[in-house]
Amino acid sequence: MGLASEEMYTDCNASRVTVTMHVVCVLLLAALLPAPLYAQDPFAWLYGPRSRGYHAQADTTGGDCPEECDCPPTFPVAMYCEGRGLTAMPSIPSRIKYLYLQSNAITTVSDSSLANATNLVWLMMHHNQLTSIGSKALLRMPGLERLYLQHNNLTRIPPNLPRSLRDLRINHNHIDKVAPADLEGMDNLTILYLNDNAVTDMETSLKGLTSLTLLDISGNKLNKVPEALPEHLHQLYLEANSIDSLPEGFLGRFTQLQYVRMSHNQLTDRGIPPNTFNVTGLVELDLSFNKLERIPPVSTTLQHLYLQANQIKEFTVGSFCSVMDVTNFSKLQTLRLDGNEISPQDVPSDSSLCLRMASTIEL
């Protein structure tokens, strides 16, 4: 072998030795060091927070997260217990602000169940089997804003509701009466869902709800419009009751009301005072499935009118336009009159001038 060949052979062997030593060093370091952080699944706490040891990094301020729930380290003020088959209230760390207990089988909230949960902002307990909530259960929650109790078996509104509440949903229960004391002092409440209960009387319980913008009391057993409706309402839903008449000036004092739905009641022409619905600002009016025989006068600013399934026999253009010319016409876009006793031949020819904005007219 020549000198040049021997030098090349020596260099190649030296390179192999160097590479081998590097590989050995890397393997030794890999065996000695813990698994690299990038190999951990950042969402591992979702799959089994306790079995993999991730709970050791969780916030335990105010108490440990109960075994049956999840308190993600990335959002330590929330506690997720929904759909866990719970029949009783779990322990709640005091740091928790957002508590999700929906879709379980909890039947009772005792006075002590929420004693430690003084920082709650949201309490979600819909779709349970609640029959009672203790009179002191909600007393120590000065910051509670949302309380969801729909789809339970409650027969009354829980006592001592926090005055901080903005959104109360207690629909689809078995409540038959709402007394003034039930909602007293709730002047921050903006949304109230009481629909699909068995309410027959509300007395003056709504009078103090000065911030209320949405009221849904449809699907109850009311035979009259509740007294003292809050004047700042934007949406009023009264469908599926037994209301046969309306009070004088029913809508006159509402300056922000845009949506009124009163379908599936017992309204008749005699029960509606003149010009009840001829108010500006109203966007949608639903009077379908009642017993009306005439089209009630409405404002030219109304955009959607639903009158299907009544007993209307005549198409009166004057109900929409008292004056018709180039500048005076109805803003109505949707008009439903199907299921009545009129046909296209009953529509006057000048109605097209009045209803020039309408994109849908069903007869």
# chains A, B, ... in the order shown; residues from 1 in each chain; ligands from 1

call {"tool": "residues_around", "arguments": {"residues": "range 265-271 of chain A", "least_positions_apart": "5", "cutoff": "12 Å", "atoms": "only C-alpha atoms", "output": "ChimeraX atom specification"}}
result
/A:218-225,237-248,250,276,286-297,307,309-312

call {"tool": "atom_distance", "arguments": {"atom1": "CA of His174 in chain A", "atom2": "CA of Ile106 in chain A"}}
result
16.5 Å

call {"tool": "select_by_dssp", "arguments": {"residues": "range 25-245 of chain A", "states": "strand (DSSP E)", "output": "list of chain:residue names"}}
result
A:Ala78, A:Met79, A:Tyr80, A:Tyr98, A:Leu99, A:Tyr100, A:Thr108, A:Val109, A:Trp122, A:Leu123, A:Met124, A:Ser132, A:Ile133, A:Arg146, A:Leu147, A:Tyr148, A:Asp167, A:Leu168, A:Arg169, A:Ile191, A:Leu192, A:Tyr193, A:Leu214, A:Leu215, A:Asp216, A:Gln235, A:Leu236, A:Tyr237

call {"tool": "atom_distance", "arguments": {"atom1": "CA of Thr360 in chain A", "atom2": "CA of Phe315 in chain A"}}
result
15.5 Å

call {"tool": "residues_around", "arguments": {"residues": "Leu120 in chain A", "least_positions_apart": "5", "cutoff": "12 Å", "atoms": "only C-alpha atoms", "output": "list of chain:residue names"}}
result
A:Val77, A:Ala78, A:Met79, A:Ile92, A:Pro93, A:Ser94, A:Arg95, A:Ile96, A:Lys97, A:Tyr98, A:Leu99, A:Tyr100, A:Leu114, A:Ala115, A:Leu138, A:Leu139, A:Arg140, A:Met141, A:Pro142, A:Gly143, A:Leu144, A:Glu145, A:Arg146, A:Leu147, A:Pro162, A:Ser164, A:Leu165

call {"tool": "select_by_dssp", "arguments": {"residues": "range 39-247 of chain A", "states": "helix (DSSP H, G or I)", "output": "MDAnalysis selection string"}}
result
chainID A and resid 39 44:47 54:57 180:183

call {"tool": "closest_residue", "arguments": {"among": "A:Asn128, A:Ser263, A:Ser330, A:Ser112", "to": "Leu353 in chain A", "atoms": "only C-alpha atoms"}}
result
A:Ser330

call {"tool": "atom_distance", "arguments": {"atom1": "CA of Leu282 in chain A", "atom2": "CA of Leu363 in chain A"}}
result
22.7 Å

call {"tool": "decode", "arguments": {"residues": "range 226-237 of chain A", "atoms": "all heavy atoms", "output": "CSV table (one decimal), in the first residue's frame"}}
result
chain,number,residue,atom,x,y,z
A,226,PRO,N,-98.7,40.4,31.8
A,226,PRO,CA,-98.2,40.8,33.1
A,226,PRO,C,-98.2,42.3,33.3
A,226,PRO,O,-98.0,43.0,32.4
A,226,PRO,CB,-96.8,40.2,33.2
A,226,PRO,CG,-96.8,39.1,32.2
A,226,PRO,CD,-97.7,39.5,31.1
A,227,GLU,N,-98.5,42.7,34.5
A,227,GLU,CA,-98.5,44.1,34.8
A,227,GLU,C,-97.1,44.6,34.9
A,227,GLU,O,-96.1,43.9,35.2
A,227,GLU,CB,-99.2,44.3,36.2
A,227,GLU,CG,-100.7,43.9,36.2
A,227,GLU,CD,-101.3,44.0,37.5
A,227,GLU,OE1,-100.9,44.9,38.3
A,227,GLU,OE2,-102.2,43.2,37.9
A,228,ALA,N,-97.0,45.9,34.8
A,228,ALA,CA,-95.8,46.7,35.0
A,228,ALA,C,-94.6,46.1,34.2
A,228,ALA,O,-93.5,45.8,34.8
A,228,ALA,CB,-95.5,46.8,36.5
A,229,LEU,N,-94.7,45.9,32.9
A,229,LEU,CA,-93.6,45.3,32.2
A,229,LEU,C,-92.5,46.4,32.1
A,229,LEU,O,-92.7,47.6,32.0
A,229,LEU,CB,-94.0,45.0,30.7
A,229,LEU,CG,-95.0,43.8,30.5
A,229,LEU,CD1,-95.5,43.8,29.1
A,229,LEU,CD2,-94.2,42.5,30.9
A,230,PRO,N,-91.2,46.0,32.2
A,230,PRO,CA,-90.1,46.9,32.2
A,230,PRO,C,-90.1,47.7,30.9
A,230,PRO,O,-90.2,47.2,29.8
A,230,PRO,CB,-88.9,46.0,32.3
A,230,PRO,CG,-89.4,44.8,33.0
A,230,PRO,CD,-90.8,44.6,32.5
A,231,GLU,N,-89.8,49.0,31.0
A,231,GLU,CA,-90.0,49.9,29.9
A,231,GLU,C,-88.8,49.9,28.9
A,231,GLU,O,-88.9,50.4,27.8
A,231,GLU,CB,-90.2,51.3,30.3
A,231,GLU,CG,-89.1,51.9,31.1
A,231,GLU,CD,-89.5,53.3,31.6
A,231,GLU,OE1,-90.6,53.7,31.7
A,231,GLU,OE2,-88.5,54.1,31.9
A,232,HIS,N,-87.7,49.2,29.3
A,232,HIS,CA,-86.5,49.2,28.4
A,232,HIS,C,-86.4,47.9,27.6
A,232,HIS,O,-85.4,47.6,27.0
A,232,HIS,CB,-85.3,49.4,29.2
A,232,HIS,CG,-85.2,50.8,29.8
A,232,HIS,ND1,-85.2,51.9,29.1
A,232,HIS,CD2,-85.1,51.1,31.1
A,232,HIS,CE1,-85.1,53.0,29.9
A,232,HIS,NE2,-85.1,52.5,31.1
A,233,LEU,N,-87.5,47.1,27.5
A,233,LEU,CA,-87.5,45.9,26.8
A,233,LEU,C,-87.2,46.1,25.3
A,233,LEU,O,-87.7,47.0,24.7
A,233,LEU,CB,-88.9,45.2,26.9
A,233,LEU,CG,-89.2,44.5,28.2
A,233,LEU,CD1,-90.6,43.9,28.2
A,233,LEU,CD2,-88.2,43.3,28.5
A,234,HIS,N,-86.4,45.2,24.8
A,234,HIS,CA,-86.1,45.1,23.3
A,234,HIS,C,-86.9,43.9,22.7
A,234,HIS,O,-87.3,44.0,21.6
A,234,HIS,CB,-84.6,44.9,23.0
A,234,HIS,CG,-83.8,46.0,23.4
A,234,HIS,ND1,-82.4,46.1,23.2
A,234,HIS,CD2,-84.1,47.2,24.0
A,234,HIS,CE1,-81.9,47.2,23.6
A,234,HIS,NE2,-82.9,47.9,24.1
A,235,GLN,N,-87.0,42.9,23.5
A,235,GLN,CA,-87.7,41.6,23.0
A,235,GLN,C,-88.7,41.1,24.0
A,235,GLN,O,-88.3,41.0,25.2
A,235,GLN,CB,-86.6,40.6,22.7
A,235,GLN,CG,-85.6,41.0,21.7
A,235,GLN,CD,-84.4,40.0,21.6
A,235,GLN,OE1,-84.7,38.8,21.3
A,235,GLN,NE2,-83.2,40.4,21.9
A,236,LEU,N,-89.9,40.9,23.6
A,236,LEU,CA,-91.0,40.4,24.5
A,236,LEU,C,-91.7,39.2,23.8
A,236,LEU,O,-92.3,39.3,22.7
A,236,LEU,CB,-92.0,41.5,24.7
A,236,LEU,CG,-93.3,41.2,25.5
A,236,LEU,CD1,-92.9,40.7,26.9
A,236,LEU,CD2,-94.2,42.3,25.6
A,237,TYR,N,-91.6,38.1,24.5
A,237,TYR,CA,-92.1,36.8,23.9
A,237,TYR,C,-93.2,36.3,24.8
A,237,TYR,O,-92.9,35.9,26.0
A,237,TYR,CB,-91.0,35.8,23.7
A,237,TYR,CG,-89.8,36.3,22.9
A,237,TYR,CD1,-88.5,36.0,23.2
A,237,TYR,CD2,-90.1,37.0,21.7
A,237,TYR,CE1,-87.5,36.5,22.4
A,237,TYR,CE2,-89.0,37.5,20.9
A,237,TYR,CZ,-87.7,37.2,21.3
A,237,TYR,OH,-86.7,37.7,20.5
